[in-house]
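Structure record follows, encoded as structure tokens.
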Amino acid sequence: MTGYDFSPELEALAECADRDLESHFKRIDKISFINTARVMSAFRDNHVSEAMFAPSTGYGYDDRGRDTLEKIWADVFGTEAALVRHNIVNGTHAISTGLFGLLRPGDVMLSVTGKPYDTLEQVIGMSGKNGDGSLADFGVEYRQLEMNDQGSVDYPAVEAAVMADKEHRIKVVFIQRSKGYLNRRTLSADEISRVYELVHALRDDIFVVTDNCYGEFTEDHEPRSDLLIGSLIKNPGGGMAEMGGYLAGSERAVTLAAYRLTTVGTGAEVGATLGQNRNMYKGLFYAPHTTAQALKTAHFAAYIFSKLGYTVEPSWDMPRSDIIQTVITGSPAGLCSFCRGIQAGSPIDSYVTPEPWDMPGYSDQVIMAAGTFVQGASIELSADGPLRPPYTAYFQGGLTYESGRIGILSAAAAMMASGS
């Protein structure tokens, strides 16, 4: 292999993966085709034209490209409305915007997937600190239900919690689709939709909010939710969006989120696009295919590392509902070697050696590998993990399967060389 000389053992494993993963890759390609057809239909139905890529400035009133993109987003995600903006700085910002838009003093936020992702702890107010402007500071109470022994939502517990809420204080039922920094199974679109249907069969005044990050376009349909929330530098940006996030759902929920993002009264009607429309349109167009490349890379990673004796989740032969692959390395050295191997196999900053650091919003030091064209873009080849037992590497992305494959073999070679 020109420029990459992997050991005969790794080359042999890669050849075995080619044979054993063939049927899984065909299934992924079928999903990509279905999702691409849905995206293209939305583009066609909304009469996308070159004029919609023109930038707006100032207040951004009457930005036809921005407004049409949000209509397309709603069509693709099967929702009434959507808010898609380049000035949403990350997924946590998008989720925070949604939560602060929907919740009021005295309300209860009920997480039905256990502890949320680390960066949301301060947003909710779980840290115990006061005065930072968290939901707790504004009088919102946080509660959570643990997932069941099968790694799914405890539906009877959800029903019981809603039924016991005689004062109707629960206003948001929160779902985290992906695992975050936990060793748990990712939820499928149908599992999330079941929560939505269960809750709304009991109450019509509760918003079901889903952190949809990493899950978009991994299945042939998206979950039902009052708000689906995610980042454009993950799956739905297709590797083209340079920043941004989205909130898609009911008209009322999206309006309240838009009021939080801008101001009450102006909401989604303002917001200059500053020339970002073209890349966001193009990113959504690419998204089903790019996500398919990341899924194939994840399958390949699971295959290689399971054959090398590591515990992986999901297993290489399992269908997926997000692009994240975990590898339990078992030691700080193993986690660092994995991330350094991914960095060495990346197109950008391949010569850089990642080191653990005190990353804002996280309780443990985190090591991150991201040789990406867009800083922090999780749809590109990247890996990270907190330095805490069992020292799990969280791998995701790969703009192309070919480059993702090289990155995985590079990580495996680094771990073998270090004896991890």
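We label chains A, B, ... in the order they appear in the structure tokens, count residues from 1 in each chain, and number ligands from 1 in the order shown.
Counting only C-alpha atoms, Pro288 in chain A has the following residues at most 7 Å away, ignoring those fewer than 2 positions along the same chain: Ser32, Asn35, Thr36, Phe217, Tyr286, Thr290, Thr291 and Ala292 of chain A.
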Please, which residues in range 206-276 of chain A fall within 9 Å of range 25-31 of chain A when counting only C-alpha atoms, and what is the closest atom pair and distance in Å to one decimal for each, ordered by chain then residue number, as a Markdown table?
| residue | atom | partner | partner_atom | distance |
| --- | --- | --- | --- | --- |
| A:Phe217 | CA | A:Ile31 | CA | 7.9 |
| A:Thr218 | CA | A:Ile31 | CA | 7.5 |
| A:Glu219 | CA | A:Ile31 | CA | 6.3 |
| A:Asp220 | CA | A:Ile31 | CA | 5.3 |
Saved selection, atoms kept: N, CA, C and O atoms, as a PDB file, in the first residue's frame:
ATOM      1  N   PHE A 217     -29.686   9.794   9.419  1.00  0.00           N
ATOM      2  CA  PHE A 217     -29.465   9.064   8.164  1.00  0.00           C
ATOM      3  C   PHE A 217     -28.814   7.687   8.350  1.00  0.00           C
ATOM      4  O   PHE A 217     -28.394   7.066   7.384  1.00  0.00           O
ATOM      5  N   THR A 218     -28.741   7.194   9.583  1.00  0.00           N
ATOM      6  CA  THR A 218     -28.209   5.838   9.791  1.00  0.00           C
ATOM      7  C   THR A 218     -29.278   4.787   9.539  1.00  0.00           C
ATOM      8  O   THR A 218     -28.968   3.620   9.324  1.00  0.00           O
ATOM      9  N   GLU A 219     -30.552   5.211   9.591  1.00  0.00           N
ATOM     10  CA  GLU A 219     -31.674   4.336   9.263  1.00  0.00           C
ATOM     11  C   GLU A 219     -32.457   4.972   8.124  1.00  0.00           C
ATOM     12  O   GLU A 219     -32.155   6.094   7.716  1.00  0.00           O
ATOM     13  N   ASP A 220     -33.472   4.269   7.633  1.00  0.00           N
ATOM     14  CA  ASP A 220     -34.201   4.815   6.480  1.00  0.00           C
ATOM     15  C   ASP A 220     -35.311   5.777   6.883  1.00  0.00           C
ATOM     16  O   ASP A 220     -36.094   6.229   6.048  1.00  0.00           O
TER      17      ASP A 220
END
Determine, using only C-alpha atoms, which residues of range 123-228 of chain A have any atom at most 10 Å from an atom of range 304-318 of chain A, and tabulate each with its shortest atom pair and distance in Å to one decimal place, rows ordered by chain and then rising number, as a tab-separated table.
residue	atom	partner	partner_atom	distance
A:Asn183	CA	A:Glu313	CA	8.0
A:Arg184	CA	A:Glu313	CA	8.3
A:Arg185	CA	A:Pro314	CA	7.6
A:Thr186	CA	A:Pro314	CA	8.8
- Message: Considering only alpha helix (DSSP H) as DSSP defines it on the backbone, what residues of range 221-385 of chain A qualify? List them as JSON, numbers by chain.
- Response: {"A": [251, 252, 253, 254, 255, 256, 257, 258, 259, 260, 261, 277, 278, 279, 280, 281, 282, 283, 284, 285, 286, 287, 288, 289, 290, 291, 292, 293, 294, 295, 296, 297, 298, 299, 300, 301, 302, 303, 304, 305, 306, 307, 332, 333, 334, 335, 336, 337, 338, 339, 340, 341, 342, 343, 344]}
Set the distance at 9 Å and use only C-alpha atoms: which residues neighbour Asn90 in chain A once local chain neighbours fewer than 4 positions away are removed? I'd like the list as an mmCIF file with N, CA, C and O atoms, in the first residue's frame.
data_model
loop_
_atom_site.group_PDB
_atom_site.id
_atom_site.type_symbol
_atom_site.label_atom_id
_atom_site.label_comp_id
_atom_site.auth_asym_id
_atom_site.auth_seq_id
_atom_site.Cartn_x
_atom_site.Cartn_y
_atom_site.Cartn_z
ATOM 1 N N ALA A 94 -27.290 23.788 20.514
ATOM 2 C CA ALA A 94 -28.595 23.518 19.911
ATOM 3 C C ALA A 94 -29.559 22.928 20.942
ATOM 4 O O ALA A 94 -30.718 23.343 21.048
ATOM 5 N N ILE A 95 -29.071 21.940 21.745
ATOM 6 C CA ILE A 95 -29.915 21.310 22.756
ATOM 7 C C ILE A 95 -30.295 22.314 23.833
ATOM 8 O O ILE A 95 -31.451 22.389 24.270
ATOM 9 N N GLY A 230 -29.610 18.461 16.569
ATOM 10 C CA GLY A 230 -28.289 17.952 16.216
ATOM 11 C C GLY A 230 -27.360 19.028 15.697
ATOM 12 O O GLY A 230 -27.707 20.213 15.617
ATOM 13 N N SER A 231 -26.168 18.585 15.320
ATOM 14 C CA SER A 231 -25.094 19.469 14.870
ATOM 15 C C SER A 231 -24.837 19.261 13.384
ATOM 16 O O SER A 231 -24.882 18.134 12.891
ATOM 17 N N LEU A 232 -24.527 20.341 12.683
ATOM 18 C CA LEU A 232 -24.245 20.247 11.249
ATOM 19 C C LEU A 232 -22.834 19.764 10.957
ATOM 20 O O LEU A 232 -22.527 19.453 9.799
ATOM 21 N N ILE A 233 -21.957 19.711 11.960
ATOM 22 C CA ILE A 233 -20.627 19.159 11.687
ATOM 23 C C ILE A 233 -20.563 17.688 12.096
ATOM 24 O O ILE A 233 -19.493 17.112 12.217
ATOM 25 N N MET A 243 -20.052 24.830 10.137
ATOM 26 C CA MET A 243 -20.521 25.081 11.494
ATOM 27 C C MET A 243 -22.032 24.937 11.484
ATOM 28 O O MET A 243 -22.639 24.749 10.443
ATOM 29 N N GLY A 244 -22.646 25.038 12.660
ATOM 30 C CA GLY A 244 -24.101 25.109 12.698
ATOM 31 C C GLY A 244 -24.789 23.951 13.384
ATOM 32 O O GLY A 244 -24.174 22.964 13.766
ATOM 33 N N GLY A 245 -26.116 24.127 13.549
ATOM 34 C CA GLY A 245 -26.934 23.104 14.172
ATOM 35 C C GLY A 245 -28.366 23.237 13.709
ATOM 36 O O GLY A 245 -28.726 24.175 12.985
#
- Shell of 9 Å around range 131-138 of chain A, only C-alpha atoms, local chain residues under 3 positions omitted, as number ranges by chain: A: 99-100, 103-106, 122-126, 141-142
Same residues, N, CA and C atoms, output as a PDB file, in the first residue's frame:
ATOM      1  N   LEU A  99     -34.021  23.393  25.108  1.00  0.00           N
ATOM      2  CA  LEU A  99     -34.471  23.215  26.484  1.00  0.00           C
ATOM      3  C   LEU A  99     -34.883  24.539  27.122  1.00  0.00           C
ATOM      4  N   PHE A 100     -34.058  25.569  26.946  1.00  0.00           N
ATOM      5  CA  PHE A 100     -34.395  26.871  27.518  1.00  0.00           C
ATOM      6  C   PHE A 100     -35.622  27.470  26.827  1.00  0.00           C
ATOM      7  N   LEU A 103     -38.759  25.130  28.512  1.00  0.00           N
ATOM      8  CA  LEU A 103     -38.958  24.984  29.945  1.00  0.00           C
ATOM      9  C   LEU A 103     -39.115  26.330  30.661  1.00  0.00           C
ATOM     10  N   ARG A 104     -39.951  26.329  31.705  1.00  0.00           N
ATOM     11  CA  ARG A 104     -40.225  27.529  32.493  1.00  0.00           C
ATOM     12  C   ARG A 104     -40.011  27.217  33.979  1.00  0.00           C
ATOM     13  N   PRO A 105     -39.852  28.244  34.824  1.00  0.00           N
ATOM     14  CA  PRO A 105     -39.678  28.004  36.259  1.00  0.00           C
ATOM     15  C   PRO A 105     -40.784  27.104  36.818  1.00  0.00           C
ATOM     16  N   GLY A 106     -40.377  26.099  37.607  1.00  0.00           N
ATOM     17  CA  GLY A 106     -41.319  25.154  38.185  1.00  0.00           C
ATOM     18  C   GLY A 106     -41.540  23.919  37.340  1.00  0.00           C
ATOM     19  N   GLN A 122     -23.763  20.919  33.107  1.00  0.00           N
ATOM     20  CA  GLN A 122     -23.788  22.299  33.585  1.00  0.00           C
ATOM     21  C   GLN A 122     -24.990  23.061  33.040  1.00  0.00           C
ATOM     22  N   VAL A 123     -25.418  22.741  31.842  1.00  0.00           N
ATOM     23  CA  VAL A 123     -26.610  23.371  31.276  1.00  0.00           C
ATOM     24  C   VAL A 123     -27.823  23.067  32.154  1.00  0.00           C
ATOM     25  N   ILE A 124     -27.938  21.807  32.570  1.00  0.00           N
ATOM     26  CA  ILE A 124     -29.076  21.386  33.389  1.00  0.00           C
ATOM     27  C   ILE A 124     -28.934  21.881  34.822  1.00  0.00           C
ATOM     28  N   GLY A 125     -27.686  21.908  35.310  1.00  0.00           N
ATOM     29  CA  GLY A 125     -27.440  22.292  36.688  1.00  0.00           C
ATOM     30  C   GLY A 125     -27.145  21.110  37.579  1.00  0.00           C
ATOM     31  N   MET A 126     -26.671  20.011  36.991  1.00  0.00           N
ATOM     32  CA  MET A 126     -26.369  18.798  37.752  1.00  0.00           C
ATOM     33  C   MET A 126     -25.084  18.929  38.557  1.00  0.00           C
ATOM     34  N   GLU A 141     -36.599  21.781  37.500  1.00  0.00           N
ATOM     35  CA  GLU A 141     -36.162  20.586  38.220  1.00  0.00           C
ATOM     36  C   GLU A 141     -35.785  19.485  37.231  1.00  0.00           C
ATOM     37  N   TYR A 142     -34.673  18.816  37.511  1.00  0.00           N
ATOM     38  CA  TYR A 142     -34.215  17.726  36.644  1.00  0.00           C
ATOM     39  C   TYR A 142     -34.430  16.382  37.322  1.00  0.00           C
TER      40      TYR A 142
END
- Surrounding residues of Cys336 in chain A excluding itself and chain neighbours under 5 positions, 12 Å, only C-alpha atoms, as JSON, numbers by chain: {"A": [328, 329, 330, 331, 341, 342, 343, 353, 354, 355, 356, 357, 365, 366, 367, 368, 369, 383, 384, 385, 386, 387, 388, 391, 392, 393, 394, 411, 412, 414, 415, 418, 420]}
For range 39-47 of chain A, list every protein, DNA or RNA residue within 9 Å, evaluated using only C-alpha atoms, and leave out those in the same chain fewer than 6 positions away; present the list as a short mmCIF file (atom, residue, chain, number, x, y, z; two decimals) with N, CA, C and O atoms, in the first residue's frame.
data_model
loop_
_atom_site.label_atom_id
_atom_site.label_comp_id
_atom_site.auth_asym_id
_atom_site.auth_seq_id
_atom_site.Cartn_x
_atom_site.Cartn_y
_atom_site.Cartn_z
N THR A 68 -36.01 28.46 2.75
CA THR A 68 -36.28 27.26 1.96
C THR A 68 -35.52 26.06 2.52
O THR A 68 -36.04 24.94 2.57
N LEU A 69 -34.28 26.28 2.96
CA LEU A 69 -33.51 25.18 3.55
C LEU A 69 -34.24 24.62 4.76
O LEU A 69 -34.29 23.40 4.96
N LYS A 71 -37.47 24.63 5.28
CA LYS A 71 -38.61 23.86 4.78
C LYS A 71 -38.16 22.48 4.30
O LYS A 71 -38.82 21.46 4.56
N ILE A 72 -37.04 22.45 3.60
CA ILE A 72 -36.49 21.18 3.12
C ILE A 72 -36.14 20.28 4.30
O ILE A 72 -36.44 19.07 4.30
N TRP A 73 -35.51 20.88 5.31
CA TRP A 73 -35.11 20.11 6.49
C TRP A 73 -36.32 19.46 7.14
O TRP A 73 -36.30 18.28 7.52
N ASP A 75 -39.15 18.71 5.70
CA ASP A 75 -39.64 17.64 4.83
C ASP A 75 -38.80 16.37 4.99
O ASP A 75 -39.35 15.27 5.08
N VAL A 76 -37.49 16.52 5.01
CA VAL A 76 -36.60 15.36 5.10
C VAL A 76 -36.75 14.66 6.44
O VAL A 76 -36.74 13.42 6.52
N LEU A 284 -26.36 18.83 3.24
CA LEU A 284 -27.55 17.99 3.37
C LEU A 284 -27.68 17.04 2.19
O LEU A 284 -28.07 15.88 2.35
N PHE A 285 -27.33 17.52 0.99
CA PHE A 285 -27.37 16.67 -0.19
C PHE A 285 -26.41 15.48 -0.05
O PHE A 285 -26.75 14.34 -0.39
N PRO A 288 -26.65 11.64 3.34
CA PRO A 288 -26.91 10.20 3.38
C PRO A 288 -25.71 9.37 2.93
O PRO A 288 -25.39 8.34 3.54
#
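Among the candidates A:Asp154, A:Glu251, A:Asp211, A:Glu11, the one nearest to Ile406 in chain A when counting only C-alpha atoms is A:Glu11.
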- Task: Considering only C-alpha atoms, state which residue in the set A:Glu242, A:Glu70, A:Glu159, A:Glu197 is at the smallest distance from Pro223 in chain A.
- Result: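 Looking at the shortest contact to Pro223 in chain A, the residue is A:Glu197.
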- Per-residue DSSP, range 236-352 of chain A, filtered to strand (DSSP E), as a ChimeraX atom specification: /A:245-249,311-313,325-328
- If you count only C-alpha atoms, which residues fall within 12 Å of Arg64 in chain A, apart from same-chain ones fewer than 6 positions away, as a PyMOL selection string? chain A and resi 46-56+70-71+269-273+277
- Message: From the options A:Gly419, A:Gly237, A:Gly215, A:Gly139, which residue's atoms come nearest to Arg278 in chain A, counting only C-alpha atoms?
- Response: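 Using only C-alpha atoms, Arg278 in chain A sits closest to A:Gly237.
The residue that comes closest to Val374 in chain A, out of A:Gln144, A:Thr263, A:Met240, A:Leu256 and on the basis of only C-alpha atoms, is A:Met240.
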- Message: Could you check the closest approach to Ser337 in chain A for each of A:Ser410, A:Ser7, A:Ser188, A:Asn212 and tell me which residue wins, using only C-alpha atoms?
- Response: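 Among A:Ser410, A:Ser7, A:Ser188, A:Asn212, it is A:Ser410 that comes nearest to Ser337 in chain A.
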- Message: Between CA of Val89 in chain A and CA of Asn279 in chain A, what distance in Å does the model show, to one decimal?
- Response: 15.8 Å
- Query: Closest to Ala298 in chain A among A:Ser382, A:Thr372, A:Ser350, A:Ser225, using only C-alpha atoms?
  - Reply: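 Closest candidate: A:Ser382.
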- Go ahead and compute the interatomic distance for CA of Ile348 in chain A and CA of Phe300 in chain A, in Å to one decimal.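 If I compute the distance from CA of Ile348 in chain A to CA of Phe300 in chain A, I get 21.5 Å.
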